[in-house]
Amino acid sequence: MNLPNKITIARICLIPLFMLFLLVDLPFGELEMFNDTIAVSLLIAALIFVIAAGTDWLDGYYARKLNLITSFGKFIDPLADKLLVTAALIGLVEIQLIPAWIAIVIISREFIVTGIRLVAAAEGDVIAASNLGKWKTLTQMVAIIATLLHNIPFSAISFPFADLMLYVAAILTIWSGVDYFVKNKHIILKSV
């Protein structure tokens, strides 16, 4: 297992720790920031999510720089992103910080794309993430971080940055899903 793949596996291993701080009512108190109050455990969850999300860039950087791109890496890296984002979305719905429909749209697209990837893998093809898919992931992660932080510091000026990013992420998710399907329809048609 090479370094980029180890970093990707570390991202997956951070998910349970992130969920612990997100969902368990830990007695760490609250902080006042930018005229808003936020639970310390939620700040810790946001920090863990930022670190996990950062490993997405880090593993890709090392894979390209050290020429360590593997079929396993092409498969596990987007899967790790999906697991992290899905866990965060479900957790945010659970604590009522985002509407369920946004989580359903995003998670549904991820299941569909994963299904196409599995069909491709069965046919001996590996589909790497597209640039549009990477932008989709980035906007999802920014939206999740902004939501975890209760829109701080934007709440100080009453700018709904977190909500705006959630809608942008939902739109890019749908767009990239359609793009992914169109570009890979030959794989689906070949397997029918």
# chains A, B, ... in the order shown; residues from 1 in each chain; ligands from 1

$ select_by_dssp --residues "chain A" --states "strand (DSSP E)" --output "number ranges by chain"
A: 30-33, 36-39

$ write_last_selection --atoms "N, CA, C and O atoms" --output "PDB file, in the first residue's frame"
ATOM      1  N   GLU A  30     -19.749  25.754  25.489  1.00  0.00           N
ATOM      2  CA  GLU A  30     -19.969  26.525  24.267  1.00  0.00           C
ATOM      3  C   GLU A  30     -19.016  27.711  24.228  1.00  0.00           C
ATOM      4  O   GLU A  30     -18.504  28.144  25.257  1.00  0.00           O
ATOM      5  N   LEU A  31     -18.823  28.223  23.024  1.00  0.00           N
ATOM      6  CA  LEU A  31     -17.996  29.417  22.824  1.00  0.00           C
ATOM      7  C   LEU A  31     -18.825  30.483  22.120  1.00  0.00           C
ATOM      8  O   LEU A  31     -19.672  30.179  21.286  1.00  0.00           O
ATOM      9  N   GLU A  32     -18.550  31.723  22.465  1.00  0.00           N
ATOM     10  CA  GLU A  32     -19.177  32.858  21.779  1.00  0.00           C
ATOM     11  C   GLU A  32     -18.184  33.347  20.730  1.00  0.00           C
ATOM     12  O   GLU A  32     -17.037  33.677  21.038  1.00  0.00           O
ATOM     13  N   MET A  33     -18.636  33.354  19.469  1.00  0.00           N
ATOM     14  CA  MET A  33     -17.784  33.789  18.365  1.00  0.00           C
ATOM     15  C   MET A  33     -18.615  34.600  17.388  1.00  0.00           C
ATOM     16  O   MET A  33     -19.679  34.147  16.960  1.00  0.00           O
ATOM     17  N   ASP A  36     -22.251  34.876  17.864  1.00  0.00           N
ATOM     18  CA  ASP A  36     -22.978  33.612  17.777  1.00  0.00           C
ATOM     19  C   ASP A  36     -22.386  32.653  18.805  1.00  0.00           C
ATOM     20  O   ASP A  36     -21.240  32.801  19.218  1.00  0.00           O
ATOM     21  N   THR A  37     -23.183  31.662  19.201  1.00  0.00           N
ATOM     22  CA  THR A  37     -22.732  30.662  20.155  1.00  0.00           C
ATOM     23  C   THR A  37     -22.643  29.318  19.449  1.00  0.00           C
ATOM     24  O   THR A  37     -23.534  28.944  18.684  1.00  0.00           O
ATOM     25  N   ILE A  38     -21.544  28.600  19.705  1.00  0.00           N
ATOM     26  CA  ILE A  38     -21.341  27.296  19.075  1.00  0.00           C
ATOM     27  C   ILE A  38     -20.779  26.330  20.109  1.00  0.00           C
ATOM     28  O   ILE A  38     -19.927  26.705  20.930  1.00  0.00           O
ATOM     29  N   ALA A  39     -21.253  25.105  20.086  1.00  0.00           N
ATOM     30  CA  ALA A  39     -20.765  24.075  21.006  1.00  0.00           C
ATOM     31  C   ALA A  39     -19.321  23.729  20.657  1.00  0.00           C
ATOM     32  O   ALA A  39     -18.962  23.616  19.482  1.00  0.00           O
TER      33      ALA A  39
END

$ residues_around --residues "Thr137 in chain A" --least-positions-apart "5" --cutoff "9 Å" --atoms "only C-alpha atoms" --output "number ranges by chain"
A: 81-82, 85, 132, 142, 169, 172-173

$ closest_residue --among "A:Val178, A:Leu97, A:Leu83, A:Leu66" --to "Ile112 in chain A" --atoms "only C-alpha atoms"
A:Val178

$ residues_around --residues "range 115-118 of chain A" --least-positions-apart "3" --cutoff "8 Å" --atoms "only C-alpha atoms" --output "MDAnalysis selection string"
chainID A and resid 111:112 121:122 126:127 184 187:188

$ closest_residue --among "A:Ile15, A:Thr86, A:His150, A:Phe161" --to "Ala100 in chain A" --atoms "only C-alpha atoms"
A:Thr86

$ closest_residue --among "A:Ala52, A:Ile171, A:Val113, A:Leu92" --to "Pro78 in chain A" --atoms "only C-alpha atoms"
A:Val113

$ atom_distance --atom1 "CA of Leu164 in chain A" --atom2 "CA of Leu79 in chain A"
25.5 Å

$ closest_residue --among "A:Met165, A:Ile157, A:Ala146, A:Ile104" --to "Leu47 in chain A" --atoms "only C-alpha atoms"
A:Ala146

$ closest_residue --among "A:Lys65, A:Phe21, A:Asn35, A:Trp101" --to "Ser155 in chain A" --atoms "only C-alpha atoms"
A:Asn35

$ atom_distance --atom1 "CA of Ser176 in chain A" --atom2 "CA of Leu22 in chain A"
28.1 Å

$ select_by_dssp --residues "range 132-173 of chain A" --states "helix (DSSP H, G or I)" --output "number ranges by chain"
A: 132-148, 154-157, 161-173

$ decode --residues "range 81-92 of chain A" --atoms "all heavy atoms" --output "compact mmCIF listing (two decimals), in the first residue's frame"
# COMPACT_ATOMS: atom_id res chain seq x y z
N ASP A 81 -14.28 9.93 -0.09
CA ASP A 81 -15.00 11.22 -0.13
C ASP A 81 -16.48 11.01 0.11
O ASP A 81 -17.12 11.72 0.88
CB ASP A 81 -14.80 11.92 -1.48
CG ASP A 81 -13.37 12.32 -1.74
OD1 ASP A 81 -12.60 12.43 -0.77
OD2 ASP A 81 -13.03 12.51 -2.91
N LYS A 82 -17.04 10.02 -0.58
CA LYS A 82 -18.47 9.75 -0.45
C LYS A 82 -18.84 9.33 0.97
O LYS A 82 -19.86 9.75 1.50
CB LYS A 82 -18.89 8.65 -1.45
CG LYS A 82 -18.88 9.11 -2.89
CD LYS A 82 -19.06 7.94 -3.82
CE LYS A 82 -19.01 8.24 -5.29
NZ LYS A 82 -18.39 9.43 -5.75
N LEU A 83 -18.01 8.50 1.58
CA LEU A 83 -18.27 8.07 2.96
C LEU A 83 -18.22 9.26 3.92
O LEU A 83 -19.10 9.40 4.78
CB LEU A 83 -17.25 7.01 3.39
CG LEU A 83 -17.37 5.65 2.72
CD1 LEU A 83 -16.16 4.78 3.07
CD2 LEU A 83 -18.66 4.97 3.11
N LEU A 84 -17.22 10.11 3.76
CA LEU A 84 -17.09 11.28 4.63
C LEU A 84 -18.26 12.23 4.46
O LEU A 84 -18.88 12.67 5.44
CB LEU A 84 -15.76 12.00 4.34
CG LEU A 84 -15.47 13.26 5.16
CD1 LEU A 84 -15.36 12.92 6.65
CD2 LEU A 84 -14.20 13.94 4.66
N VAL A 85 -18.59 12.56 3.22
CA VAL A 85 -19.68 13.49 2.95
C VAL A 85 -21.01 12.91 3.39
O VAL A 85 -21.84 13.59 4.01
CB VAL A 85 -19.69 13.89 1.46
CG1 VAL A 85 -20.97 14.62 1.09
CG2 VAL A 85 -18.48 14.76 1.14
N THR A 86 -21.24 11.62 3.11
CA THR A 86 -22.50 10.98 3.51
C THR A 86 -22.65 10.98 5.03
O THR A 86 -23.73 11.30 5.54
CB THR A 86 -22.56 9.54 2.95
OG1 THR A 86 -22.51 9.60 1.53
CG2 THR A 86 -23.83 8.83 3.39
N ALA A 87 -21.60 10.62 5.74
CA ALA A 87 -21.66 10.63 7.20
C ALA A 87 -21.97 12.02 7.72
O ALA A 87 -22.82 12.20 8.61
CB ALA A 87 -20.33 10.13 7.78
N ALA A 88 -21.32 13.02 7.15
CA ALA A 88 -21.55 14.40 7.59
C ALA A 88 -22.99 14.84 7.30
O ALA A 88 -23.65 15.44 8.16
CB ALA A 88 -20.57 15.35 6.91
N LEU A 89 -23.49 14.54 6.11
CA LEU A 89 -24.85 14.96 5.76
C LEU A 89 -25.89 14.30 6.66
O LEU A 89 -26.82 14.96 7.14
CB LEU A 89 -25.13 14.64 4.29
CG LEU A 89 -24.35 15.46 3.27
CD1 LEU A 89 -24.57 14.90 1.87
CD2 LEU A 89 -24.73 16.93 3.33
N ILE A 90 -25.74 13.00 6.88
CA ILE A 90 -26.69 12.30 7.75
C ILE A 90 -26.62 12.87 9.16
O ILE A 90 -27.65 13.10 9.81
CB ILE A 90 -26.44 10.78 7.73
CG1 ILE A 90 -26.81 10.23 6.35
CG2 ILE A 90 -27.24 10.07 8.82
CD1 ILE A 90 -26.40 8.79 6.12
N GLY A 91 -25.41 13.13 9.64
CA GLY A 91 -25.25 13.73 10.96
C GLY A 91 -25.87 15.12 11.05
O GLY A 91 -26.53 15.46 12.04
N LEU A 92 -25.69 15.93 10.01
CA LEU A 92 -26.26 17.28 10.00
C LEU A 92 -27.78 17.26 9.92
O LEU A 92 -28.44 18.13 10.50
CB LEU A 92 -25.66 18.10 8.86
CG LEU A 92 -24.19 18.49 9.04
CD1 LEU A 92 -23.62 19.07 7.76
CD2 LEU A 92 -24.01 19.44 10.21
